[in-house]
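With compact mmCIF, C-alpha atoms inside, this is target_29.txt:
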```txt
# COMPACT_ATOMS: atom_id res chain seq x y z
CA MET A 22 -41.91 77.07 -70.83
CA ARG A 23 -39.75 74.96 -68.58
CA HIS A 24 -36.61 74.63 -70.70
CA GLY A 25 -33.66 73.58 -68.58
CA LYS A 26 -35.67 73.44 -65.35
CA LYS A 27 -34.22 70.27 -63.85
CA PHE A 28 -35.42 70.74 -60.25
CA ASN A 29 -38.03 72.67 -58.31
CA HIS A 30 -36.80 76.15 -57.42
CA LEU A 31 -39.47 76.40 -54.67
CA GLY A 32 -40.03 80.11 -55.38
CA ARG A 33 -36.71 81.11 -53.78
CA LYS A 34 -33.36 82.50 -54.84
CA THR A 35 -30.44 80.06 -54.97
CA ALA A 36 -28.85 81.02 -51.64
CA HIS A 37 -32.17 80.90 -49.78
CA ARG A 38 -33.06 77.53 -51.31
CA LYS A 39 -29.68 75.98 -50.46
CA ALA A 40 -29.83 77.28 -46.88
CA MET A 41 -33.38 76.02 -46.45
CA LEU A 42 -32.56 72.55 -47.79
CA ALA A 43 -29.44 72.38 -45.59
CA ASN A 44 -31.47 73.29 -42.49
CA MET A 45 -34.22 70.84 -43.37
CA SER A 46 -31.62 68.11 -43.95
CA CYS A 47 -30.06 68.73 -40.54
CA SER A 48 -33.50 68.55 -38.90
CA LEU A 49 -34.28 65.33 -40.77
CA ILE A 50 -30.99 63.75 -39.71
CA GLU A 51 -31.50 64.80 -36.10
CA HIS A 52 -35.18 63.83 -35.71
CA LYS A 53 -35.34 61.04 -38.35
CA ARG A 54 -38.67 62.46 -39.69
CA ILE A 55 -40.14 65.89 -40.34
CA ASN A 56 -43.42 67.32 -41.62
CA THR A 57 -43.27 69.76 -44.53
CA THR A 58 -45.00 70.50 -47.82
CA GLU A 59 -44.93 67.87 -50.56
CA ALA A 60 -42.83 70.02 -52.90
CA LYS A 61 -40.20 70.67 -50.23
CA ALA A 62 -40.18 66.98 -49.26
CA LYS A 63 -39.51 65.94 -52.85
CA ALA A 64 -36.76 68.54 -53.22
CA LEU A 65 -35.27 67.45 -49.88
CA ARG A 66 -35.17 63.82 -50.98
CA LYS A 67 -33.15 64.76 -54.07
CA PHE A 68 -30.85 66.84 -51.86
CA VAL A 69 -30.24 64.31 -49.06
CA GLU A 70 -30.08 60.90 -50.75
CA PRO A 71 -26.74 61.54 -52.52
CA LEU A 72 -25.31 62.72 -49.20
CA ILE A 73 -26.46 59.52 -47.50
CA THR A 74 -24.81 57.50 -50.26
CA LYS A 75 -21.56 59.43 -49.68
CA SER A 76 -21.79 58.70 -45.93
CA LYS A 77 -21.52 54.97 -46.56
CA ASN A 78 -17.81 55.44 -47.31
CA ASP A 79 -16.35 57.22 -44.28
CA THR A 80 -13.38 59.16 -45.64
CA THR A 81 -12.15 62.64 -44.85
CA HIS A 82 -12.99 63.80 -48.36
CA ASN A 83 -16.57 62.52 -48.15
CA ARG A 84 -17.02 64.16 -44.75
CA ARG A 85 -15.83 67.49 -46.16
CA VAL A 86 -18.11 67.22 -49.18
CA VAL A 87 -21.14 66.45 -47.01
CA PHE A 88 -20.20 69.23 -44.59
CA SER A 89 -20.10 71.71 -47.48
CA TYR A 90 -23.78 70.89 -48.13
CA LEU A 91 -25.06 70.55 -44.54
CA ARG A 92 -22.90 73.12 -42.72
CA ASP A 93 -23.52 71.43 -39.34
CA LYS A 94 -20.89 69.33 -37.55
CA TYR A 95 -23.44 67.47 -35.42
CA ALA A 96 -25.52 66.44 -38.45
CA VAL A 97 -22.44 65.21 -40.33
CA THR A 98 -21.29 63.18 -37.33
CA GLU A 99 -24.76 61.69 -36.85
CA LEU A 100 -24.99 60.85 -40.55
CA PHE A 101 -21.62 59.12 -40.75
CA LYS A 102 -21.71 57.32 -37.38
CA GLU A 103 -25.31 56.16 -36.87
CA ILE A 104 -27.36 56.49 -40.04
CA SER A 105 -24.76 55.13 -42.46
CA VAL A 106 -24.33 52.02 -40.29
CA LYS A 107 -28.06 51.34 -40.23
CA ILE A 108 -28.55 51.78 -44.00
CA ALA A 109 -25.27 50.13 -45.08
CA ASP A 110 -26.90 47.24 -46.96
CA ARG A 111 -29.61 49.34 -48.65
CA PRO A 112 -28.75 50.18 -52.30
CA GLY A 113 -30.83 53.37 -52.37
CA GLY A 114 -34.24 54.71 -51.49
CA TYR A 115 -33.31 55.79 -47.99
CA LEU A 116 -36.24 58.18 -47.50
CA ARG A 117 -40.00 57.73 -47.59
CA ILE A 118 -42.56 60.47 -48.28
CA ILE A 119 -46.05 59.99 -46.82
CA LYS A 120 -48.79 62.40 -47.85
CA LEU A 121 -50.72 63.85 -44.92
CA GLY A 122 -53.47 65.89 -46.55
CA ASN A 123 -53.82 69.65 -46.80
CA ARG A 124 -52.72 72.31 -44.31
CA GLN A 125 -55.52 74.13 -42.50
CA GLY A 126 -54.45 77.71 -43.19
CA ASP A 127 -53.55 77.81 -46.87
CA ASN A 128 -54.62 74.34 -48.08
CA ALA A 129 -51.04 73.43 -49.03
CA PRO A 130 -50.48 69.68 -49.54
CA MET A 131 -48.45 68.39 -46.58
CA ALA A 132 -46.20 65.35 -46.32
CA MET A 133 -44.03 63.58 -43.78
CA ILE A 134 -40.53 62.60 -44.92
CA GLU A 135 -38.66 59.97 -42.91
CA PHE A 136 -35.83 57.47 -43.03
CA VAL A 137 -37.09 54.08 -44.16
CA ASP A 138 -34.95 52.10 -41.71
CA TYR A 139 -35.98 54.14 -38.67
CA ASN A 140 -39.74 53.48 -38.93
CA GLU A 141 -40.60 50.45 -36.80
CA ILE A 142 -44.33 50.58 -37.65
CA TYR A 143 -44.03 49.97 -41.39
CA ASN A 144 -41.22 47.44 -41.25
CA PRO A 145 -40.40 46.15 -37.77
CA ASN A 146 -38.22 43.55 -39.50
CA GLY A 147 -39.42 43.38 -43.08
CA LYS A 148 -37.03 40.62 -44.07
CA LYS A 149 -38.04 38.35 -41.19
CA ALA A 150 -41.75 38.73 -41.98
CA LYS A 151 -41.17 37.58 -45.55
CA LYS A 152 -39.07 34.62 -44.43
CA SER A 153 -41.60 33.51 -41.84
CA THR A 154 -44.42 33.35 -44.40
CA ARG A 155 -42.28 31.39 -46.83
CA ARG A 156 -40.99 29.18 -44.06
CA GLY A 157 -44.54 28.28 -43.01
CA ARG A 158 -45.46 27.10 -46.50
CA LYS A 159 -42.31 25.06 -46.88
CA LYS A 160 -42.70 23.44 -43.47
CA ALA A 161 -46.15 22.19 -44.39
CA ALA A 162 -44.74 20.55 -47.49
CA LYS A 163 -41.75 19.15 -45.57
CA THR A 164 -43.87 17.71 -42.75
CA GLU A 165 -45.93 15.75 -45.31
CA THR A 166 -42.82 14.34 -46.93
CA VAL A 167 -41.29 13.48 -43.55
CA ALA A 168 -44.50 11.71 -42.53
CA ASP A 169 -44.55 9.76 -45.79
CA VAL A 170 -40.92 8.76 -45.30
CA ALA A 171 -41.61 7.67 -41.72
CA GLU A 172 -44.56 5.49 -42.82
CA THR A 173 -42.54 3.86 -45.56
CA THR A 174 -39.65 3.07 -43.21
CA GLU A 175 -42.01 1.65 -40.57
CA ALA A 176 -44.00 -0.46 -43.02
CA PRO A 177 -41.11 -2.75 -44.08
CA GLU A 178 -40.05 -3.23 -40.44
CA ASN A 179 -43.55 -4.42 -39.51
CA SER A 180 -43.71 -6.82 -42.48
CA GLU A 181 -40.40 -8.45 -41.47
CA GLU A 182 -41.67 -9.35 -38.00
```

Can you dump the structure from the file as structure tokens?
Amino acid sequence: MRHGKKFNHLGRKTAHRKAMLANMSCSLIEHKRINTTEAKAKALRKFVEPLITKSKNDTTHNRRVVFSYLRDKYAVTELFKEISVKIADRPGGYLRIIKLGNRQGDNAPMAMIEFVDYNEIYNPNGKKAKKSTRRGRKKAAKTETVADVAETTEAPENSEE
């Protein structure tokens, strides 16, 4: 039975699991994407996303709280200076997990976990792409109305002469 099992223990004792997630978080912050197993990626997302939310508000207390989880000065500095600026307007969902298939040796399901805002392939500028498609449709409608208005303004001028 799974009574009271709120998160995946990943087959490790508490200290080992916390150290592993802290190290994986530091690697993710440094490299912006890492490859790992699906279970670890899902556990890492639950571990890191609250820390990213804390990094949006740069106070001494928040830095100390995040440092208590990550235990790496460089990762905390990177998180508060660069990553928090880039994801400032995002209300959540900072990480993306992409399934990669199974590992050759033990057939474990693998996944790549990455920051959503640092992937230029998936969304080079997602907001601009949406606006450009909408803009194109509206322009077509506007050009017809402008042409109709131009014809109506020219028609009375020709009739007066």

What separation in Å, quoted to one decimal, exists between atom CA of Phe28 of chain A and atom CA of Ala62 of chain A?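 Rounded to one decimal, the two atoms are 12.6 Å apart.
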
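Relative to atom CA of Phe136 of chain A, atom CA of Ala60 of chain A is found at 17.4 Å.
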
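Residue nearest Met133 of chain A, chosen from A:Ile108, A:Val87, A:Ala96, A:Leu116 and counting all atoms listed in the file: A:Leu116.
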
Shell around Arg85 of chain A at 12 Å using only C-alpha atoms, local window under 5 positions removed, as a ChimeraX atom specification: /A:72,75-76,79-80,90-94,97-98,101

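Restricting the calculation to only C-alpha atoms, the smallest distance between Arg66 of chain A and any of A:Leu49, A:Asp138, A:Thr81, A:His37 is found for A:Leu49.
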